[in-house]
file coords33.txt (compact mmCIF, C-alpha atoms)
# COMPACT_ATOMS: atom_id res chain seq x y z
CA MET A 1 12.46 67.77 26.80
CA PHE A 2 9.17 66.09 27.60
CA THR A 3 8.93 67.65 31.01
CA ASP A 4 5.25 68.50 30.85
CA GLU A 5 3.65 65.63 28.97
CA ARG A 6 0.14 64.82 30.16
CA GLN A 7 0.20 61.19 29.09
CA VAL A 8 2.44 59.21 26.76
CA LEU A 9 1.26 56.34 24.56
CA VAL A 10 3.90 54.03 23.10
CA VAL A 11 2.76 51.63 20.37
CA PHE A 12 5.05 48.94 18.98
CA PRO A 13 4.37 45.44 17.66
CA HIS A 14 7.07 43.39 19.41
CA PRO A 15 8.40 43.01 22.93
CA ASP A 16 11.89 44.60 22.70
CA ASP A 17 11.03 47.24 20.03
CA GLU A 18 10.59 49.72 22.86
CA ALA A 19 13.79 48.72 24.61
CA PHE A 20 16.00 49.33 21.61
CA SER A 21 14.32 52.48 20.41
CA CYS A 22 13.12 54.49 23.39
CA ALA A 23 13.63 52.84 26.79
CA GLY A 24 15.79 55.78 27.86
CA VAL A 25 13.24 58.44 26.99
CA ILE A 26 10.50 56.37 28.62
CA ARG A 27 12.53 56.05 31.80
CA GLN A 28 13.25 59.77 31.87
CA MET A 29 9.53 60.41 31.71
CA THR A 30 8.44 57.79 34.24
CA LYS A 31 11.04 59.23 36.62
CA ARG A 32 9.16 62.52 36.38
CA ASN A 33 5.91 60.67 37.10
CA ILE A 34 4.58 61.23 33.60
CA PRO A 35 2.12 58.39 32.93
CA VAL A 36 3.36 56.11 30.15
CA THR A 37 1.20 53.44 28.56
CA TYR A 38 2.86 50.86 26.37
CA ALA A 39 0.59 48.99 23.95
CA CYS A 40 2.57 46.04 22.62
CA LEU A 41 0.62 44.44 19.81
CA THR A 42 2.11 40.92 19.78
CA LEU A 43 4.27 38.69 21.94
CA GLY A 44 6.84 38.17 19.21
CA GLU A 45 5.52 34.65 18.77
CA MET A 46 7.48 34.17 15.55
CA GLY A 47 10.87 35.09 16.96
CA ARG A 48 13.54 32.99 15.27
CA ASN A 49 16.03 32.77 18.04
CA LEU A 50 15.33 29.53 19.89
CA GLY A 51 18.99 28.65 20.49
CA ASN A 52 20.97 25.58 19.48
CA PRO A 53 20.66 23.66 21.71
CA PRO A 54 17.22 25.26 21.95
CA PHE A 55 15.95 27.01 25.09
CA ALA A 56 12.39 27.29 23.76
CA THR A 57 9.99 25.96 21.14
CA ARG A 58 7.77 27.84 18.73
CA GLU A 59 4.95 27.17 21.22
CA SER A 60 6.73 28.06 24.46
CA LEU A 61 8.36 31.27 23.20
CA PRO A 62 5.34 33.59 23.69
CA GLU A 63 5.19 32.93 27.45
CA ILE A 64 8.91 33.56 27.77
CA ARG A 65 8.58 36.83 25.90
CA ARG A 66 5.55 37.89 27.94
CA LYS A 67 7.61 37.61 31.10
CA GLU A 68 10.54 39.42 29.51
CA LEU A 69 8.22 42.23 28.46
CA GLN A 70 6.82 42.57 31.97
CA GLN A 71 10.33 42.69 33.36
CA ALA A 72 11.41 45.29 30.81
CA ALA A 73 8.36 47.42 31.60
CA GLU A 74 9.37 47.32 35.23
CA ALA A 75 12.91 48.43 34.36
CA MET A 76 11.46 51.38 32.43
CA GLY A 77 9.00 52.27 35.20
CA ILE A 78 5.99 51.63 32.96
CA GLN A 79 2.93 50.97 35.08
CA ASP A 80 0.40 50.52 32.29
CA LEU A 81 1.49 47.72 29.96
CA ARG A 82 -1.10 46.50 27.48
CA MET A 83 -0.60 43.27 25.56
CA MET A 84 -2.93 43.54 22.60
CA GLY A 85 -3.09 39.88 21.59
CA LEU A 86 -2.24 40.05 17.89
CA ARG A 87 0.11 37.56 16.27
CA ASP A 88 3.63 38.37 15.24
CA LYS A 89 4.13 38.87 11.48
CA THR A 90 0.40 39.10 10.76
CA ILE A 91 -0.34 42.76 11.50
CA GLU A 92 -0.15 43.94 7.90
CA PHE A 93 -2.73 41.30 6.99
CA GLU A 94 -5.26 42.45 9.58
CA ASP A 95 -8.07 44.70 8.42
CA ASP A 96 -6.55 48.20 8.17
CA GLU A 97 -9.62 49.83 9.71
CA LYS A 98 -9.48 47.44 12.65
CA MET A 99 -5.88 48.52 13.28
CA VAL A 100 -6.74 52.21 13.08
CA LYS A 101 -9.61 51.63 15.49
CA LEU A 102 -7.38 49.76 17.92
CA VAL A 103 -5.13 52.82 18.10
CA ALA A 104 -8.02 55.31 18.08
CA ASP A 105 -9.65 53.52 21.02
CA LEU A 106 -6.43 53.80 23.01
CA ILE A 107 -6.15 57.49 22.15
CA ASP A 108 -9.79 58.10 23.16
CA GLU A 109 -9.25 56.38 26.46
CA LEU A 110 -5.87 57.87 27.36
CA ASN A 111 -5.83 61.29 25.68
CA PRO A 112 -2.05 61.25 25.14
CA SER A 113 -0.08 64.40 24.47
CA LEU A 114 2.79 62.37 23.02
CA MET A 115 2.98 59.10 21.11
CA ILE A 116 6.00 57.02 20.15
CA THR A 117 6.00 54.49 17.30
CA PHE A 118 7.94 53.63 14.13
CA LEU A 119 8.48 55.87 11.13
CA PRO A 120 6.34 54.71 8.18
CA GLY A 121 8.44 53.72 5.20
CA PHE A 122 11.67 53.42 7.21
CA SER A 123 11.08 50.77 9.83
CA VAL A 124 12.12 47.60 7.94
CA HIS A 125 9.84 44.96 9.48
CA PRO A 126 6.34 44.58 7.97
CA ASP A 127 4.81 44.62 11.48
CA HIS A 128 6.63 47.87 12.26
CA GLU A 129 5.31 49.45 9.09
CA ALA A 130 1.73 48.31 9.69
CA THR A 131 1.82 49.55 13.29
CA ALA A 132 3.21 52.93 12.28
CA ARG A 133 0.62 53.32 9.51
CA ALA A 134 -2.21 52.63 11.95
CA VAL A 135 -0.89 55.15 14.49
CA VAL A 136 -0.32 57.89 11.93
CA GLU A 137 -3.74 57.35 10.36
CA ALA A 138 -5.55 57.32 13.71
CA VAL A 139 -3.92 60.63 14.64
CA ARG A 140 -4.48 62.16 11.19
CA ARG A 141 -8.21 61.64 11.63
CA MET A 142 -8.27 63.69 14.83
CA PRO A 143 -9.07 67.41 14.85
CA GLU A 144 -5.75 69.14 14.36
CA GLU A 145 -5.70 70.94 17.69
CA THR A 146 -6.17 67.72 19.66
CA ARG A 147 -3.51 65.64 17.93
CA PRO A 148 -0.66 64.30 20.06
CA THR A 149 2.90 64.80 18.85
CA ILE A 150 4.24 61.61 17.26
CA LEU A 151 7.89 60.70 17.74
CA ALA A 152 8.86 58.08 15.17
CA VAL A 153 11.78 55.69 15.03
CA GLY A 154 13.32 54.95 11.63
CA PHE A 155 16.25 52.64 11.06
CA ALA A 156 16.08 51.47 7.44
CA ASN A 157 19.45 51.70 5.72
CA ASP A 158 18.30 54.70 3.65
CA THR A 159 16.59 56.63 6.46
CA VAL A 160 19.09 59.47 6.85
CA GLU A 161 19.68 59.68 3.10
CA LYS A 162 15.97 60.22 2.44
CA MET A 163 14.73 61.86 5.64
CA GLY A 164 17.78 63.78 6.80
CA ASN A 165 18.92 63.61 10.39
CA PRO A 166 16.31 62.95 13.08
CA GLU A 167 14.82 66.16 14.46
CA VAL A 168 14.86 65.01 18.06
CA VAL A 169 17.97 63.54 19.67
CA VAL A 170 17.75 62.89 23.38
CA ASP A 171 20.75 62.37 25.63
CA ILE A 172 19.84 59.38 27.80
CA SER A 173 23.14 58.85 29.59
CA ASP A 174 21.47 59.60 32.95
CA VAL A 175 19.25 56.50 32.57
CA LYS A 176 21.76 54.31 30.76
CA MET A 177 21.61 51.54 33.34
CA ASP A 178 17.82 51.40 33.21
CA LYS A 179 17.92 51.07 29.43
CA LEU A 180 20.51 48.36 29.74
CA ALA A 181 18.26 46.57 32.24
CA ALA A 182 15.33 46.81 29.80
CA LEU A 183 17.46 45.40 26.98
CA GLN A 184 18.73 42.63 29.20
CA ALA A 185 15.19 41.79 30.29
CA HIS A 186 14.54 40.75 26.68
CA ALA A 187 17.23 38.12 26.97
CA SER A 188 15.78 35.78 24.35
CA GLN A 189 16.23 38.57 21.80
CA THR A 190 19.16 40.67 22.87
CA ALA A 191 21.73 37.93 23.29
CA TRP A 192 21.82 37.04 19.58
CA MET A 193 21.53 40.65 18.50
CA ILE A 194 24.70 41.58 20.27
CA ALA A 195 26.46 38.52 18.86
CA GLU A 196 25.27 39.34 15.35
CA SER A 197 26.36 42.95 15.63
CA GLU A 198 29.83 41.75 16.53
CA LYS A 199 29.87 39.81 13.30
CA ARG A 200 28.92 42.91 11.39
CA GLU A 201 32.22 44.25 12.65
CA GLU A 202 30.83 46.74 15.06
CA SER A 203 32.31 46.16 18.45
CA ALA A 204 29.82 45.31 21.13
CA ASP A 205 31.05 48.28 23.13
CA GLU A 206 30.49 50.70 20.32
CA LEU A 207 27.05 49.26 19.77
CA SER A 208 26.10 49.47 23.41
CA ASN A 209 27.32 53.02 23.46
CA ASN A 210 25.15 53.95 20.51
CA TRP A 211 22.17 52.37 22.16
CA LEU A 212 22.85 53.62 25.64
CA THR A 213 23.80 57.25 25.20
CA SER A 214 21.17 58.75 22.93
CA GLU A 215 17.85 58.06 21.24
CA ALA A 216 16.75 59.72 18.02
CA PHE A 217 13.30 60.41 16.61
CA TYR A 218 11.63 61.97 13.63
CA VAL A 219 8.57 64.09 14.30
CA ILE A 220 5.62 63.11 12.13
CA LYS A 221 4.00 66.00 10.36
CA HIS A 222 0.51 65.67 9.01
CA MET B 1 13.89 20.05 22.23
CA GLU B 2 16.34 17.26 21.45
CA VAL B 3 18.39 16.47 18.40
CA VAL B 4 16.35 14.19 16.17
CA ASN B 5 16.47 10.50 16.94
CA LYS B 6 15.20 9.20 13.65
CA GLU B 7 13.63 5.96 14.89
CA HIS B 8 11.86 7.67 17.77
CA LEU B 9 10.64 10.53 15.58
CA GLN B 10 9.32 8.02 13.05
CA GLN B 11 7.29 6.32 15.79
CA LEU B 12 5.84 9.68 16.85
CA ILE B 13 4.91 10.61 13.28
CA ASP B 14 3.22 7.22 12.87
CA ARG B 15 1.14 7.91 15.97
CA PHE B 16 -0.63 10.83 14.26
CA ALA B 17 -1.26 9.02 10.96
CA ASN B 18 -4.85 8.51 9.82
CA LYS B 19 -6.20 11.02 12.35
CA ASP B 20 -7.49 14.55 11.89
CA VAL B 21 -4.58 16.73 12.96
CA PHE B 22 -3.70 20.43 12.98
CA ILE B 23 -0.51 21.47 11.25
CA HIS B 24 1.88 24.36 11.77
CA LEU B 25 4.37 24.70 8.92
CA GLU B 26 6.79 27.58 8.65
CA THR B 27 9.89 28.50 6.74
CA THR B 28 11.67 31.79 7.28
CA ASN B 29 14.88 33.76 6.80
CA GLY B 30 13.71 36.34 9.31
CA ALA B 31 12.17 39.71 8.58
CA TYR B 32 15.56 41.43 8.74
CA ALA B 33 17.39 39.21 6.23
CA ALA B 34 17.38 41.78 3.43
CA HIS B 35 18.07 44.63 5.89
CA PHE B 36 21.33 43.08 7.05
CA ASN B 37 22.29 41.84 3.58
CA GLU B 38 20.63 43.51 0.63
CA ALA B 39 21.73 40.63 -1.63
CA VAL B 40 19.34 38.27 0.19
CA PHE B 41 16.08 37.47 -1.53
CA ASN B 42 13.77 37.09 1.43
CA ALA B 43 11.13 34.40 1.14
CA GLY B 44 9.18 32.24 3.52
CA ALA B 45 5.83 30.60 4.06
CA PHE B 46 3.59 30.04 7.05
CA ILE B 47 0.45 28.04 7.71
CA ARG B 48 -1.02 27.40 11.14
CA ASN B 49 -3.93 25.30 12.27
CA VAL B 50 -4.75 23.79 8.93
CA LYS B 51 -6.60 20.55 9.59
CA LEU B 52 -5.63 17.53 7.55
CA ARG B 53 -5.14 13.79 7.69
CA TYR B 54 -2.11 11.93 6.42
CA GLU B 55 -1.94 8.29 5.55
CA LEU B 56 1.84 8.02 5.59
CA GLY B 57 4.47 10.12 7.30
CA LYS B 58 8.18 9.60 6.85
CA VAL B 59 11.36 11.05 8.29
CA VAL B 60 14.40 10.56 6.07
CA SER B 61 17.78 9.77 7.61
CA ASP B 62 19.87 12.52 5.96
CA LYS B 63 20.83 15.26 8.41
CA PRO B 64 19.25 17.72 8.67
CA HIS B 65 16.21 15.57 8.10
CA ARG B 66 13.36 15.87 5.67
CA VAL B 67 9.87 14.97 6.88
CA GLY B 68 7.08 14.28 4.41
CA LEU B 69 3.40 13.57 4.93
CA LYS B 70 1.35 11.93 2.20
CA LEU B 71 -2.29 13.04 2.17
CA GLU B 72 -5.24 11.64 0.32
CA HIS B 73 -4.96 14.38 -2.29
CA GLY B 74 -1.52 15.88 -1.76
CA TRP B 75 1.59 16.38 0.30
CA VAL B 76 3.21 18.31 3.11
CA TYR B 77 6.95 18.31 3.61
CA ALA B 78 9.62 20.16 5.50
CA GLN B 79 13.34 20.19 4.87
CA GLY B 80 16.03 20.98 7.42
CA ILE B 81 14.57 19.41 10.58
CA THR B 82 17.16 19.13 13.36
CA HIS B 83 15.22 19.02 16.64
CA TYR B 84 11.99 17.60 18.02
CA GLU B 85 9.96 17.13 21.15
CA VAL B 86 6.54 16.07 22.32
CA ASP B 87 5.39 18.95 24.51
CA GLU B 88 3.27 18.82 27.65
CA LEU B 89 0.11 18.93 25.52
CA GLY B 90 1.15 15.90 23.49
CA ARG B 91 1.94 17.90 20.36
CA LEU B 92 4.79 16.85 18.11
CA LEU B 93 7.01 19.88 17.55
CA MET B 94 9.77 19.64 14.94
CA ALA B 95 12.15 22.45 14.15
CA GLY B 96 15.16 23.13 12.00
CA LEU B 97 17.59 25.35 13.90
CA ASP B 98 20.42 26.86 11.91
CA TYR B 99 24.06 27.11 12.98
CA GLU B 100 23.30 30.24 15.02
CA GLY B 101 20.33 28.71 16.82
CA LYS B 102 17.69 30.45 14.75
CA LEU B 103 14.62 28.69 13.57
CA ALA B 104 14.67 28.18 9.81
CA VAL B 105 11.79 25.72 9.47
CA ALA B 106 9.10 24.27 11.74
CA LEU B 107 6.63 21.46 11.28
CA GLN B 108 4.26 20.77 14.15
CA ILE B 109 1.43 18.25 14.47
CA SER B 110 -1.33 18.33 17.07
CA GLU B 111 -4.71 16.76 17.58
CA GLN B 112 -5.95 20.03 19.09
CA PRO B 113 -5.58 23.44 17.41
CA PHE B 114 -2.48 25.43 18.33
CA ALA B 115 -3.04 28.74 20.13
CA TYR B 116 -4.07 31.67 17.88
call {"tool": "encode", "arguments": {"input": "coords33.txt", "output": "structure tokens"}}
result
Amino acid sequence: MFTDERQVLVVFPHPDDEAFSCAGVIRQMTKRNIPVTYACLTLGEMGRNLGNPPFATRESLPEIRRKELQQAAEAMGIQDLRMMGLRDKTIEFEDDEKMVKLVADLIDELNPSLMITFLPGFSVHPDHEATARAVVEAVRRMPEETRPTILAVGFANDTVEKMGNPEVVVDISDVKMDKLAALQAHASQTAWMIAESEKREESADELSNNWLTSEAFYVIKH
Amino acid sequence: MEVVNKEHLQQLIDRFANKDVFIHLETTNGAYAAHFNEAVFNAGAFIRNVKLRYELGKVVSDKPHRVGLKLEHGWVYAQGITHYEVDELGRLLMAGLDYEGKLAVALQISEQPFAY
């Protein structure tokens, strides 16, 4: 899949959203020299994990996450990383038209054949939802024949119940180590996530395997 | 950040009294609280760069600490403060970190606005 994409545009609100959801697919494409742009809307300024004893403060976290994001982009082979300067947890409160325009401007500039974002209604975090809404609306306003395909990531507890199984499931075992490197680059985030998953009685191995062997997407229909 | 030393923190809070200061105040369970446990009622509040002036600020000795600021016409307080530091820009950053090292509450005071 995705062997002949002209340009890919990935839009997520937080550094690490891309690593969990689609680092493998991104790496498969960058390996084929398909240009991938990642527009990351915030620096995850409001991340809760500061450690105890703390390794960061509310004010020093954004710089740490900026560096992690740059490192993750490198692991995925992304050469065009855009940090869009919005603030974590505020995206849904921005003017909706401004958000649509932000995405539309990127589409105008890059002319992507494929976009990756979250699945509206099934992406849990308010920033995820607001980002997905802006992407879907920007694309909906385009003439039908010029619209890029949108791959969307849904992970709300009721996603499969309401949406069925994802239409696109990509085997990413060939780039497993690159995805792991991207996840590890986001160290301020991934360390606690793995610990928390262990508490939810999934073994870390099982979890890593789920993350590292395949990635699943819904295809947005207009 | 260091674990709160009550006497030192009280001195720092006193230093900002009767001056125009910018406040960051935040409480949060995290955006995923109700995703991981549907029984959780998720609530929080956030203000950043609100300018105010307090005449009296007090840190209470119970751990985790409560910090209250008395204003001319009202109050600001935070409950659950465990850690503090004065950063390189001279801002007083206070945070309440839970047992897993996640921020549950923050109260920060600065004479200059915080970044965006």
call {"tool": "residues_around", "arguments": {"input": "coords33.txt", "residues": "Ala106 in chain B", "least_positions_apart": "5", "cutoff": "8 Å", "atoms": "all atoms listed in the file", "output": "list in words"}}
result
Arg58 of chain A; His24, Leu25, Glu26, Thr27, Ala78, Ile81, Leu93, Met94, Ala95 and Gly96 of chain B
call {"tool": "atom_distance", "arguments": {"input": "coords33.txt", "atom1": "CA of Ser123 in chain A", "atom2": "CA of Thr90 in chain A"}}
result
15.8 Å
call {"tool": "interface_residues", "arguments": {"input": "coords33.txt", "of": "chain B", "to": "chain A", "cutoff": "10 Å", "atoms": "only C-alpha atoms", "output": "MDAnalysis selection string"}}
result
chainID B and resid 1:3 24 26 28:32 34:36 38 46 82:85 87 91 93:108 114:116
call {"tool": "residues_around", "arguments": {"input": "coords33.txt", "residues": "Lys6 in chain B", "least_positions_apart": "3", "cutoff": "8 Å", "atoms": "all atoms listed in the file", "output": "list in words"}}
result
Leu9, Gln10, Val59, Val60 and Ser61 of chain B
call {"tool": "closest_residue", "arguments": {"input": "coords33.txt", "among": "A:Met84, A:Ala187, A:Val175, A:Leu114", "to": "Arg65 in chain A", "atoms": "all atoms listed in the file"}}
result
A:Ala187
call {"tool": "decode", "arguments": {"input": "coords33.txt", "residues": "range 110-221 of chain A", "atoms": "C-alpha atoms", "output": "mmCIF file, in the first residue's frame"}}
result
data_model
loop_
_atom_site.group_PDB
_atom_site.id
_atom_site.type_symbol
_atom_site.label_atom_id
_atom_site.label_comp_id
_atom_site.auth_asym_id
_atom_site.auth_seq_id
_atom_site.Cartn_x
_atom_site.Cartn_y
_atom_site.Cartn_z
ATOM 1 C CA LEU A 110 1.588 20.777 -0.363
ATOM 2 C CA ASN A 111 -1.105 19.236 -2.562
ATOM 3 C CA PRO A 112 -1.142 15.944 -0.632
ATOM 4 C CA SER A 113 -2.576 12.770 -2.100
ATOM 5 C CA LEU A 114 -2.914 11.248 1.375
ATOM 6 C CA MET A 115 -3.600 12.701 4.811
ATOM 7 C CA ILE A 116 -3.436 11.049 8.222
ATOM 8 C CA THR A 117 -5.268 12.374 11.290
ATOM 9 C CA PHE A 118 -7.713 11.220 13.979
ATOM 10 C CA LEU A 119 -11.197 9.851 13.439
ATOM 11 C CA PRO A 120 -13.833 12.433 14.447
ATOM 12 C CA GLY A 121 -16.037 11.183 17.253
ATOM 13 C CA PHE A 122 -13.671 8.369 18.258
ATOM 14 C CA SER A 123 -10.410 9.997 19.254
ATOM 15 C CA VAL A 124 -11.001 10.647 22.978
ATOM 16 C CA HIS A 125 -8.962 13.806 23.582
ATOM 17 C CA PRO A 126 -10.668 17.154 22.832
ATOM 18 C CA ASP A 127 -7.586 18.315 20.889
ATOM 19 C CA HIS A 128 -7.714 15.151 18.776
ATOM 20 C CA GLU A 129 -11.359 15.746 17.982
ATOM 21 C CA ALA A 130 -10.849 19.404 17.094
ATOM 22 C CA THR A 131 -7.888 18.565 14.860
ATOM 23 C CA ALA A 132 -9.783 15.821 13.063
ATOM 24 C CA ARG A 133 -12.820 18.060 12.538
ATOM 25 C CA ALA A 134 -10.644 20.761 10.975
ATOM 26 C CA VAL A 135 -8.950 18.294 8.619
ATOM 27 C CA VAL A 136 -12.186 16.650 7.522
ATOM 28 C CA GLU A 137 -13.884 20.003 6.965
ATOM 29 C CA ALA A 138 -10.962 21.447 5.000
ATOM 30 C CA VAL A 139 -10.992 18.419 2.698
ATOM 31 C CA ARG A 140 -14.790 18.372 2.391
ATOM 32 C CA ARG A 141 -14.664 21.893 0.978
ATOM 33 C CA MET A 142 -12.358 20.822 -1.851
ATOM 34 C CA PRO A 143 -13.669 19.797 -5.274
ATOM 35 C CA GLU A 144 -14.296 16.086 -5.015
ATOM 36 C CA GLU A 145 -11.768 15.039 -7.644
ATOM 37 C CA THR A 146 -8.913 16.851 -5.897
ATOM 38 C CA ARG A 147 -9.527 15.558 -2.379
ATOM 39 C CA PRO A 148 -6.746 13.557 -0.737
ATOM 40 C CA THR A 149 -7.610 10.239 0.888
ATOM 41 C CA ILE A 150 -7.878 10.612 4.667
ATOM 42 C CA LEU A 151 -6.682 7.790 6.898
ATOM 43 C CA ALA A 152 -8.099 8.283 10.379
ATOM 44 C CA VAL A 153 -7.092 6.822 13.716
ATOM 45 C CA GLY A 154 -9.843 5.980 16.201
ATOM 46 C CA PHE A 155 -9.255 4.494 19.625
ATOM 47 C CA ALA A 156 -12.276 5.375 21.773
ATOM 48 C CA ASN A 157 -13.554 2.374 23.704
ATOM 49 C CA ASP A 158 -16.626 2.098 21.445
ATOM 50 C CA THR A 159 -14.839 2.566 18.106
ATOM 51 C CA VAL A 160 -15.117 -0.983 16.769
ATOM 52 C CA GLU A 161 -18.620 -1.413 18.175
ATOM 53 C CA LYS A 162 -19.866 1.651 16.291
ATOM 54 C CA MET A 163 -17.562 1.819 13.265
ATOM 55 C CA GLY A 164 -16.751 -1.831 12.657
ATOM 56 C CA ASN A 165 -13.197 -2.941 12.060
ATOM 57 C CA PRO A 166 -10.777 -0.462 10.479
ATOM 58 C CA GLU A 167 -10.724 -0.713 6.689
ATOM 59 C CA VAL A 168 -6.971 -0.389 6.398
ATOM 60 C CA VAL A 169 -4.604 -2.535 8.451
ATOM 61 C CA VAL A 170 -0.936 -2.229 7.588
ATOM 62 C CA ASP A 171 1.702 -4.754 8.584
ATOM 63 C CA ILE A 172 4.608 -2.663 9.868
ATOM 64 C CA SER A 173 6.863 -5.427 11.169
ATOM 65 C CA ASP A 174 9.551 -4.465 8.626
ATOM 66 C CA VAL A 175 9.956 -1.051 10.299
ATOM 67 C CA LYS A 176 9.291 -2.152 13.866
ATOM 68 C CA MET A 177 12.610 -0.863 15.168
ATOM 69 C CA ASP A 178 12.074 2.560 13.611
ATOM 70 C CA LYS A 179 8.661 2.814 15.249
ATOM 71 C CA LEU A 180 10.160 1.772 18.543
ATOM 72 C CA ALA A 181 12.818 4.466 18.117
ATOM 73 C CA ALA A 182 10.100 7.066 17.446
ATOM 74 C CA LEU A 183 8.188 5.989 20.552
ATOM 75 C CA GLN A 184 11.336 6.042 22.628
ATOM 76 C CA ALA A 185 12.215 9.504 21.335
ATOM 77 C CA HIS A 186 9.094 10.747 23.150
ATOM 78 C CA ALA A 187 10.571 9.576 26.429
ATOM 79 C CA SER A 188 8.713 12.076 28.605
ATOM 80 C CA GLN A 189 5.459 10.514 27.415
ATOM 81 C CA THR A 190 6.116 6.893 26.632
ATOM 82 C CA ALA A 191 7.733 5.875 29.906
ATOM 83 C CA TRP A 192 4.568 6.392 31.965
ATOM 84 C CA MET A 193 2.324 5.031 29.255
ATOM 85 C CA ILE A 194 4.055 1.700 29.307
ATOM 86 C CA ALA A 195 3.962 1.641 33.108
ATOM 87 C CA GLU A 196 0.262 2.487 33.119
ATOM 88 C CA SER A 197 -0.543 -0.169 30.548
ATOM 89 C CA GLU A 198 1.117 -2.715 32.789
ATOM 90 C CA LYS A 199 -1.252 -1.686 35.533
ATOM 91 C CA ARG A 200 -4.185 -2.192 33.222
ATOM 92 C CA GLU A 201 -3.050 -5.797 33.178
ATOM 93 C CA GLU A 202 -1.791 -5.848 29.655
ATOM 94 C CA SER A 203 1.752 -7.060 29.625
ATOM 95 C CA ALA A 204 4.246 -4.595 28.260
ATOM 96 C CA ASP A 205 5.274 -7.169 25.681
ATOM 97 C CA GLU A 206 1.779 -7.662 24.425
ATOM 98 C CA LEU A 207 1.325 -3.923 24.245
ATOM 99 C CA SER A 208 4.549 -3.368 22.364
ATOM 100 C CA ASN A 209 3.564 -6.094 19.981
ATOM 101 C CA ASN A 210 0.233 -4.461 19.267
ATOM 102 C CA TRP A 211 1.945 -1.177 18.648
ATOM 103 C CA LEU A 212 4.863 -2.534 16.708
ATOM 104 C CA THR A 213 3.365 -5.040 14.318
ATOM 105 C CA SER A 214 0.425 -3.298 12.690
ATOM 106 C CA GLU A 215 -1.325 0.036 12.346
ATOM 107 C CA ALA A 216 -5.024 0.406 11.611
ATOM 108 C CA PHE A 217 -6.990 3.203 9.977
ATOM 109 C CA TYR A 218 -10.501 4.105 8.979
ATOM 110 C CA VAL A 219 -10.944 5.790 5.622
ATOM 111 C CA ILE A 220 -13.004 8.959 5.850
ATOM 112 C CA LYS A 221 -15.821 9.137 3.367
#
